[in-house]
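Source file: entry34.pdb (PDB, C-alpha atoms)
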```pdb
ATOM      1  CA  MET A   1      76.284  60.889 126.207
ATOM      2  CA  ASN A   2      75.433  63.024 123.145
ATOM      3  CA  PHE A   3      77.441  65.933 121.698
ATOM      4  CA  VAL A   4      76.788  68.453 118.944
ATOM      5  CA  LEU A   5      79.625  69.170 116.491
ATOM      6  CA  GLU A   6      79.361  72.443 114.564
ATOM      7  CA  LEU A   7      81.629  72.976 111.546
ATOM      8  CA  VAL A   8      82.173  76.523 110.328
ATOM      9  CA  PHE A   9      83.757  76.460 106.824
ATOM     10  CA  PRO A  10      85.829  79.223 105.160
ATOM     11  CA  VAL A  11      83.973  81.979 103.419
ATOM     12  CA  ASP A  12      86.788  82.857 100.995
ATOM     13  CA  THR A  13      85.809  81.260  97.690
ATOM     14  CA  ASN A  14      89.399  81.305  96.445
ATOM     15  CA  GLU A  15      90.205  78.713  99.059
ATOM     16  CA  TYR A  16      87.748  76.308  97.486
ATOM     17  CA  LYS A  17      89.909  76.291  94.360
ATOM     18  CA  ASP A  18      92.845  75.001  96.266
ATOM     19  CA  ASN A  19      93.152  71.207  96.127
ATOM     20  CA  ASN A  20      94.571  71.403  99.598
ATOM     21  CA  PHE A  21      91.308  72.809 100.901
ATOM     22  CA  TYR A  22      91.213  70.179 103.608
ATOM     23  CA  SER A  23      94.719  71.037 104.721
ATOM     24  CA  ALA A  24      96.036  73.933 106.720
ATOM     25  CA  ALA A  25      93.600  76.530 105.433
ATOM     26  CA  VAL A  26      90.623  74.656 106.703
ATOM     27  CA  LYS A  27      92.290  73.583 109.913
ATOM     28  CA  ASN A  28      92.923  77.211 110.676
ATOM     29  CA  ARG A  29      89.290  78.142 110.197
ATOM     30  CA  LEU A  30      87.569  75.056 111.541
ATOM     31  CA  LYS A  31      85.782  75.655 114.778
ATOM     32  CA  ILE A  32      84.714  72.728 116.828
ATOM     33  CA  MET A  33      82.120  73.627 119.348
ATOM     34  CA  THR A  34      81.292  71.036 121.917
ATOM     35  CA  LEU A  35      78.075  71.757 123.666
ATOM     36  CA  ALA A  36      76.959  70.494 127.045
ATOM     37  CA  PRO A  37      75.716  66.874 126.989
ATOM     38  CA  LEU A  38      72.064  66.554 125.973
ATOM     39  CA  GLU A  39      69.872  64.740 128.446
ATOM     40  CA  THR A  40      68.160  61.693 126.970
ATOM     41  CA  PRO A  41      64.503  61.618 128.085
ATOM     42  CA  ILE A  42      63.503  58.588 130.099
ATOM     43  CA  VAL A  43      60.915  56.510 128.304
ATOM     44  CA  TYR A  44      58.581  54.526 130.508
ATOM     45  CA  PRO A  45      56.558  51.607 129.122
ATOM     46  CA  GLU A  46      53.294  52.635 127.481
ATOM     47  CA  PRO A  47      50.675  50.641 125.562
ATOM     48  CA  ASP A  48      51.634  50.193 121.909
ATOM     49  CA  GLY A  49      48.792  48.005 120.716
ATOM     50  CA  SER A  50      50.720  44.758 121.099
ATOM     51  CA  PRO A  51      49.989  42.091 123.756
ATOM     52  CA  MET A  52      51.198  43.344 127.117
ATOM     53  CA  ALA A  53      53.070  41.725 129.965
ATOM     54  CA  GLU A  54      53.394  37.979 130.404
ATOM     55  CA  SER A  55      50.896  36.614 127.913
ATOM     56  CA  ASP A  56      51.023  32.843 127.921
ATOM     57  CA  PRO A  57      51.966  31.253 124.582
ATOM     58  CA  ALA A  58      51.370  27.686 125.771
ATOM     59  CA  GLY A  59      47.836  27.366 124.498
ATOM     60  CA  ILE A  60      44.979  29.266 122.979
ATOM     61  CA  CYS A  61      42.488  27.632 125.331
ATOM     62  CA  PHE A  62      44.328  28.857 128.413
ATOM     63  CA  ALA A  63      44.664  32.350 126.962
ATOM     64  CA  ALA A  64      40.960  32.464 126.173
ATOM     65  CA  ARG A  65      39.962  31.330 129.662
ATOM     66  CA  ALA A  66      42.420  33.715 131.299
ATOM     67  CA  ARG A  67      41.046  36.594 129.244
ATOM     68  CA  GLU A  68      37.488  35.756 130.327
ATOM     69  CA  TYR A  69      38.442  35.870 133.995
ATOM     70  CA  LEU A  70      40.460  39.058 133.586
ATOM     71  CA  ILE A  71      37.471  40.741 131.970
ATOM     72  CA  TYR A  72      35.152  39.441 134.693
ATOM     73  CA  CYS A  73      37.431  40.562 137.535
ATOM     74  CA  VAL A  74      38.104  44.047 136.166
ATOM     75  CA  GLU A  75      34.524  44.738 135.075
ATOM     76  CA  ALA A  76      32.909  43.269 138.190
ATOM     77  CA  LEU A  77      35.170  45.272 140.505
ATOM     78  CA  LYS A  78      34.665  48.455 138.488
ATOM     79  CA  PHE A  79      30.925  47.951 138.755
ATOM     80  CA  TYR A  80      31.218  47.259 142.493
ATOM     81  CA  PHE A  81      33.247  50.449 143.136
ATOM     82  CA  LYS A  82      31.467  52.601 140.511
ATOM     83  CA  ASN A  83      30.066  55.067 143.056
ATOM     84  CA  LEU A  84      33.443  55.722 144.682
ATOM     85  CA  LEU A  85      35.468  58.477 143.037
ATOM     86  CA  ASP A  86      38.700  57.589 144.848
ATOM     87  CA  VAL A  87      39.047  53.920 143.915
ATOM     88  CA  TYR A  88      40.843  52.972 140.696
ATOM     89  CA  VAL A  89      40.433  49.520 139.160
ATOM     90  CA  SER A  90      42.414  48.355 136.160
ATOM     91  CA  GLY A  91      44.172  45.387 134.648
ATOM     92  CA  ASN A  92      46.996  44.494 132.269
ATOM     93  CA  LEU A  93      48.308  48.044 132.570
ATOM     94  CA  TRP A  94      51.957  49.070 132.832
ATOM     95  CA  LEU A  95      52.700  50.224 136.363
ATOM     96  CA  SER A  96      55.985  52.101 136.934
ATOM     97  CA  TYR A  97      56.898  52.280 140.593
ATOM     98  CA  GLN A  98      60.264  54.093 140.620
ATOM     99  CA  GLN A  99      60.871  57.402 138.884
ATOM    100  CA  GLY A 100      63.940  57.499 136.682
ATOM    101  CA  VAL A 101      64.160  53.706 136.378
ATOM    102  CA  PRO A 102      62.276  52.472 133.278
ATOM    103  CA  GLY A 103      62.928  48.864 134.275
ATOM    104  CA  ALA A 104      61.097  49.319 137.578
ATOM    105  CA  VAL A 105      57.797  48.276 136.057
ATOM    106  CA  VAL A 106      55.197  45.550 136.517
ATOM    107  CA  CYS A 107      51.982  44.797 134.689
ATOM    108  CA  PRO A 108      49.453  43.314 137.146
ATOM    109  CA  ASP A 109      46.636  41.338 135.582
ATOM    110  CA  VAL A 110      44.128  43.033 137.906
ATOM    111  CA  PHE A 111      44.753  45.668 140.561
ATOM    112  CA  VAL A 112      42.892  48.074 142.833
ATOM    113  CA  VAL A 113      44.212  51.363 144.207
ATOM    114  CA  LYS A 114      42.378  53.272 146.902
ATOM    115  CA  GLY A 115      42.889  56.976 147.473
ATOM    116  CA  VAL A 116      43.460  58.024 143.855
ATOM    117  CA  GLU A 117      41.154  59.523 141.255
ATOM    118  CA  ASN A 118      38.958  57.099 139.381
ATOM    119  CA  ARG A 119      39.785  58.059 135.785
ATOM    120  CA  PRO A 120      41.214  56.381 132.664
ATOM    121  CA  ARG A 121      45.005  56.108 132.402
ATOM    122  CA  ARG A 122      47.368  54.932 129.650
ATOM    123  CA  SER A 123      49.764  53.749 132.338
ATOM    124  CA  TYR A 124      50.132  54.120 136.082
ATOM    125  CA  LYS A 125      53.151  56.011 137.437
ATOM    126  CA  VAL A 126      53.346  55.906 141.211
ATOM    127  CA  TRP A 127      55.164  59.251 141.590
ATOM    128  CA  LEU A 128      52.345  60.983 139.696
ATOM    129  CA  GLU A 129      49.776  59.481 142.077
ATOM    130  CA  ASN A 130      51.190  60.930 145.306
ATOM    131  CA  GLY A 131      53.225  57.775 145.821
ATOM    132  CA  LYS A 132      50.135  55.560 145.983
ATOM    133  CA  THR A 133      50.778  51.950 145.021
ATOM    134  CA  PRO A 134      48.121  49.241 144.526
ATOM    135  CA  ASP A 135      46.367  47.929 147.615
ATOM    136  CA  TRP A 136      45.255  44.673 145.984
ATOM    137  CA  VAL A 137      46.676  42.642 143.094
ATOM    138  CA  LEU A 138      45.554  39.487 141.296
ATOM    139  CA  GLU A 139      47.808  37.593 138.897
ATOM    140  CA  VAL A 140      46.527  34.850 136.598
ATOM    141  CA  THR A 141      49.213  32.195 136.893
ATOM    142  CA  SER A 142      50.199  30.064 133.917
ATOM    143  CA  LYS A 143      53.018  27.728 132.952
ATOM    144  CA  SER A 144      55.179  30.591 131.681
ATOM    145  CA  THR A 145      54.480  32.962 134.595
ATOM    146  CA  ARG A 146      54.387  30.526 137.517
ATOM    147  CA  ASP A 147      57.981  31.036 138.694
ATOM    148  CA  LYS A 148      57.777  34.812 138.431
ATOM    149  CA  ASP A 149      54.352  34.947 140.104
ATOM    150  CA  GLU A 150      55.528  32.701 142.929
ATOM    151  CA  GLN A 151      59.039  34.035 143.525
ATOM    152  CA  GLU A 152      59.774  37.459 142.039
ATOM    153  CA  LYS A 153      56.453  39.253 142.268
ATOM    154  CA  PRO A 154      55.823  38.586 145.966
ATOM    155  CA  ILE A 155      59.114  40.345 146.688
ATOM    156  CA  THR A 156      58.346  43.255 144.370
ATOM    157  CA  TYR A 157      54.781  43.692 145.597
ATOM    158  CA  ALA A 158      55.838  43.475 149.227
ATOM    159  CA  GLN A 159      58.450  46.180 148.661
ATOM    160  CA  MET A 160      55.784  48.309 146.970
ATOM    161  CA  GLY A 161      53.492  47.847 149.960
ATOM    162  CA  VAL A 162      50.696  45.934 148.202
ATOM    163  CA  SER A 163      48.457  44.842 151.097
ATOM    164  CA  GLU A 164      47.003  41.743 149.444
ATOM    165  CA  TYR A 165      48.384  39.622 146.624
ATOM    166  CA  PHE A 166      46.343  36.826 145.052
ATOM    167  CA  GLN A 167      47.068  34.259 142.361
ATOM    168  CA  TYR A 168      44.551  32.323 140.325
ATOM    169  CA  ASP A 169      45.074  29.428 137.930
ATOM    170  CA  PRO A 170      42.020  28.858 135.683
ATOM    171  CA  THR A 171      43.197  25.349 134.776
ATOM    172  CA  GLY A 172      44.306  24.183 138.219
ATOM    173  CA  ASP A 173      47.496  22.805 136.639
ATOM    174  CA  TYR A 174      50.002  25.222 138.162
ATOM    175  CA  LEU A 175      48.597  26.129 141.585
ATOM    176  CA  THR A 176      47.211  23.864 144.308
ATOM    177  CA  PRO A 177      44.657  24.998 145.233
ATOM    178  CA  ALA A 178      43.947  27.057 142.111
ATOM    179  CA  LEU A 179      43.403  30.200 144.222
ATOM    180  CA  LYS A 180      46.120  31.451 146.552
ATOM    181  CA  GLY A 181      46.213  34.548 148.749
ATOM    182  CA  ARG A 182      48.818  36.494 150.706
ATOM    183  CA  ARG A 183      48.468  39.416 153.105
ATOM    184  CA  LEU A 184      51.236  41.858 153.994
ATOM    185  CA  VAL A 185      52.148  41.765 157.687
ATOM    186  CA  GLN A 186      55.059  43.928 158.874
ATOM    187  CA  GLY A 187      56.564  44.050 155.404
ATOM    188  CA  ARG A 188      56.300  40.329 154.701
ATOM    189  CA  TYR A 189      53.595  38.263 153.068
ATOM    190  CA  GLN A 190      51.741  35.630 155.033
ATOM    191  CA  LEU A 191      49.751  32.949 153.249
ATOM    192  CA  LEU A 192      46.010  33.066 153.855
ATOM    193  CA  THR A 193      44.139  29.950 154.915
ATOM    194  CA  PRO A 194      40.787  29.601 153.125
ATOM    195  CA  ASN A 195      37.525  28.373 154.583
ATOM    196  CA  ARG A 196      35.804  25.464 152.863
ATOM    197  CA  LEU A 197      32.040  25.393 152.370
ATOM    198  CA  PRO A 198      30.061  22.115 152.461
ATOM    199  CA  ASP A 199      29.959  21.989 148.650
ATOM    200  CA  GLY A 200      33.755  22.243 148.450
ATOM    201  CA  THR A 201      33.909  25.971 147.602
ATOM    202  CA  LEU A 202      37.086  27.639 148.922
ATOM    203  CA  VAL A 203      36.578  31.097 150.446
ATOM    204  CA  PHE A 204      39.213  33.792 150.959
ATOM    205  CA  PHE A 205      38.122  37.064 152.537
ATOM    206  CA  SER A 206      39.772  40.199 151.161
ATOM    207  CA  ILE A 207      39.985  42.965 153.743
ATOM    208  CA  VAL A 208      40.944  45.466 151.042
ATOM    209  CA  LEU A 209      37.927  44.718 148.858
ATOM    210  CA  GLY A 210      35.472  43.858 151.608
ATOM    211  CA  LEU A 211      34.547  40.847 149.474
ATOM    212  CA  GLU A 212      34.972  37.110 149.500
ATOM    213  CA  MET A 213      36.967  35.526 146.706
ATOM    214  CA  ARG A 214      35.411  32.154 146.050
ATOM    215  CA  LEU A 215      36.887  29.245 144.145
ATOM    216  CA  LEU A 216      33.859  27.224 143.072
ATOM    217  CA  PRO A 217      33.960  23.408 142.808
ATOM    218  CA  ASP A 218      34.205  23.658 139.009
ATOM    219  CA  GLY A 219      37.333  25.854 139.310
ATOM    220  CA  GLU A 220      35.661  29.174 138.525
ATOM    221  CA  LEU A 221      36.639  32.313 140.436
ATOM    222  CA  ARG A 222      33.851  34.588 141.640
ATOM    223  CA  PHE A 223      33.592  37.572 143.979
ATOM    224  CA  PHE A 224      30.915  37.283 146.655
ATOM    225  CA  ASN A 225      29.469  40.181 148.629
ATOM    226  CA  PRO A 226      28.785  38.984 152.194
ATOM    227  CA  SER A 227      26.614  42.062 152.851
ATOM    228  CA  THR A 228      24.129  41.325 150.075
ATOM    229  CA  GLN A 229      24.755  37.573 149.962
ATOM    230  CA  GLU A 230      25.154  37.827 146.205
ATOM    231  CA  TYR A 231      27.897  37.101 143.702
ATOM    232  CA  LEU A 232      29.321  40.083 141.876
ATOM    233  CA  ARG A 233      28.346  40.296 138.249
ATOM    234  CA  SER A 234      29.999  42.174 135.469
ATOM    235  CA  PRO A 235      27.944  44.897 133.758
ATOM    236  CA  GLU A 236      27.415  42.530 130.825
ATOM    237  CA  GLU A 237      26.172  39.769 133.106
ATOM    238  CA  SER A 238      23.922  42.231 134.933
ATOM    239  CA  GLU A 239      22.468  43.437 131.640
ATOM    240  CA  GLN A 240      21.860  39.874 130.504
ATOM    241  CA  GLU A 241      20.092  39.185 133.783
ATOM    242  CA  ARG A 242      17.915  42.297 133.362
ATOM    243  CA  ILE A 243      17.027  41.210 129.831
ATOM    244  CA  GLN A 244      16.143  37.748 131.089
ATOM    245  CA  GLU A 245      13.946  39.243 133.820
ATOM    246  CA  ARG A 246      12.146  41.427 131.279
ATOM    247  CA  LEU A 247      11.571  38.429 129.004
ATOM    248  CA  GLU A 248      10.229  36.408 131.924
ATOM    249  CA  LYS A 249       7.823  39.185 132.922
ATOM    250  CA  GLU A 250       6.668  39.519 129.307
ATOM    251  CA  ARG A 251       6.068  35.767 129.118
ATOM    252  CA  GLU A 252       3.995  35.875 132.312
ATOM    253  CA  ARG A 253       1.986  38.829 130.955
ATOM    254  CA  LEU A 254       1.213  37.002 127.713
ATOM    255  CA  GLU A 255       0.173  33.858 129.584
ATOM    256  CA  LYS A 256      -2.239  35.848 131.773
ATOM    257  CA  GLU A 257      -3.629  37.635 128.729
ATOM    258  CA  GLN A 258      -4.189  34.329 126.942
ATOM    259  CA  GLU A 259      -5.939  32.891 130.024
ATOM    260  CA  ARG A 260      -8.189  35.949 130.183
ATOM    261  CA  GLU A 261      -9.056  35.641 126.482
ATOM    262  CA  ARG A 262      -9.911  31.943 126.898
ATOM    263  CA  ALA A 263     -12.109  32.759 129.879
ATOM    264  CA  ASP A 264     -13.907  35.475 127.903
ATOM    265  CA  ARG A 265     -14.547  33.106 124.987
ATOM    266  CA  LEU A 266     -15.867  30.426 127.333
ATOM    267  CA  ALA A 267     -18.189  32.924 129.044
ATOM    268  CA  ALA A 268     -19.508  34.074 125.663
ATOM    269  CA  LYS A 269     -20.185  30.470 124.614
ATOM    270  CA  LEU A 270     -22.080  29.790 127.838
ATOM    271  CA  ARG A 271     -24.256  32.850 127.319
ATOM    272  CA  GLU A 272     -25.064  31.593 123.799
ATOM    273  CA  LEU A 273     -26.334  28.407 125.469
ATOM    274  CA  GLY A 274     -28.464  30.430 127.892
ATOM    275  CA  ILE A 275     -26.168  29.854 130.829
ATOM    276  CA  ASN A 276     -25.055  32.688 133.038
ATOM    277  CA  PRO A 277     -21.325  32.122 133.782
ATOM    278  CA  GLU A 278     -21.720  33.852 137.151
ATOM    279  CA  ASP A 279     -24.165  31.167 138.229
ATOM    280  CA  LEU A 280     -21.406  28.603 137.884
ATOM    281  CA  ASP A 281     -19.143  30.249 140.453
TER     282      ASP A 281
END
```
Conversion result in structure tokens:
Amino acid sequence: MNFVLELVFPVDTNEYKDNNFYSAAVKNRLKIMTLAPLETPIVYPEPDGSPMAESDPAGICFAARAREYLIYCVEALKFYFKNLLDVYVSGNLWLSYQQGVPGAVVCPDVFVVKGVENRPRRSYKVWLENGKTPDWVLEVTSKSTRDKDEQEKPITYAQMGVSEYFQYDPTGDYLTPALKGRRLVQGRYQLLTPNRLPDGTLVFFSIVLGLEMRLLPDGELRFFNPSTQEYLRSPEESEQERIQERLEKERERLEKEQERERADRLAAKLRELGINPEDLD
């Protein structure tokens, strides 16, 4: 609780000459004004440029792989929902879910919220979004986050009303299988049972996303669109594919042009020998 103390000193300069200035003369003229307590503003977590949330210090390799998958998941889902103005996709962003309680905060690795404006945010405050909490969350589980991801976060996300909660372990060292899914049923999470394809791929269907989450035999996580029968690509991957297609078409064009030039040279040579190339057809 903060107070403001205001001291009003004597205005009679003769009193300053008295060595007993701090005695009765001042006490008689000292006014102590105590104002009403000042309210300390509540500070909610915001990005400060430093690594956010539960970054794993165990190994650079894990961190690098985790970052790759986080980028893929966020970018691929943003690209998938790009035409919908009321679906927000983000990741590694502070999410405050209780107004007035700075400690009521989580930082999902990837999350999707339906029914809110699709716009950039520095942080996500539920009370500023008409009470809308994430519908889907993915956490990348590591050695340092395993206990929290397995025990604390399911409770928190269930209380928030997150419909689907998934965990993924890029190394396969901390989750078996490396992809795990839960769905909220009457306020409690139920584990999802995946399907297994002939090649060993594990398939979880996300009702929220309308997509399959596939754990490939090599441990990679990919989103699969059952409507188009295609894997989701990030914008970067899509651009690389478009570049590759353009290069392939250019190669085919050059090959055809070279074949046509060879045919023209051969026809010219035959005519020099008095042979009509059309007679050879």
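Restricting the calculation to all atoms listed in the file, the smallest distance between Glu220 in chain A and any of A:Cys73, A:Leu273, A:Leu266, A:Val113 is found for A:Cys73.
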* Mind giving me the straight-line distance from CA of Val208 in chain A to CA of Arg182 in chain A in Å, one decimal? =>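 Those two atoms sit 11.9 Å apart.
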* Given only C-alpha atoms as the counted atoms, nearest of A:Phe111, A:Phe81, A:Trp127, A:Tyr168 to Arg65 in chain A ->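 When distances to Arg65 in chain A are compared using only C-alpha atoms, the smallest one comes from A:Tyr168.
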* Structure fact -> Closest of A:Asp147, A:Asp135, A:Asp86, A:Asp199 to Val116 in chain A, counting all atoms listed in the file, is A:Asp86
Expanded to explicit residues, what is the PyMOL selection byres ((chain A and resi 91) around 8) for this file, as a PDB file with C-alpha atoms, keeping the file's coordinate frame?
```pdb
ATOM      1  CA  LEU A  70      40.460  39.058 133.586  1.00  0.00           C
ATOM      2  CA  VAL A  74      38.104  44.047 136.166  1.00  0.00           C
ATOM      3  CA  VAL A  89      40.433  49.520 139.160  1.00  0.00           C
ATOM      4  CA  SER A  90      42.414  48.355 136.160  1.00  0.00           C
ATOM      5  CA  ASN A  92      46.996  44.494 132.269  1.00  0.00           C
ATOM      6  CA  LEU A  93      48.308  48.044 132.570  1.00  0.00           C
ATOM      7  CA  CYS A 107      51.982  44.797 134.689  1.00  0.00           C
ATOM      8  CA  PRO A 108      49.453  43.314 137.146  1.00  0.00           C
ATOM      9  CA  ASP A 109      46.636  41.338 135.582  1.00  0.00           C
ATOM     10  CA  VAL A 110      44.128  43.033 137.906  1.00  0.00           C
ATOM     11  CA  PHE A 111      44.753  45.668 140.561  1.00  0.00           C
TER      12      PHE A 111
END
```
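For the residues A:Asn276, A:Thr201, A:Gln167, A:Ser234, ranking by smallest atom-to-atom distance to Thr141 in chain A using all atoms listed in the file places A:Gln167 first.
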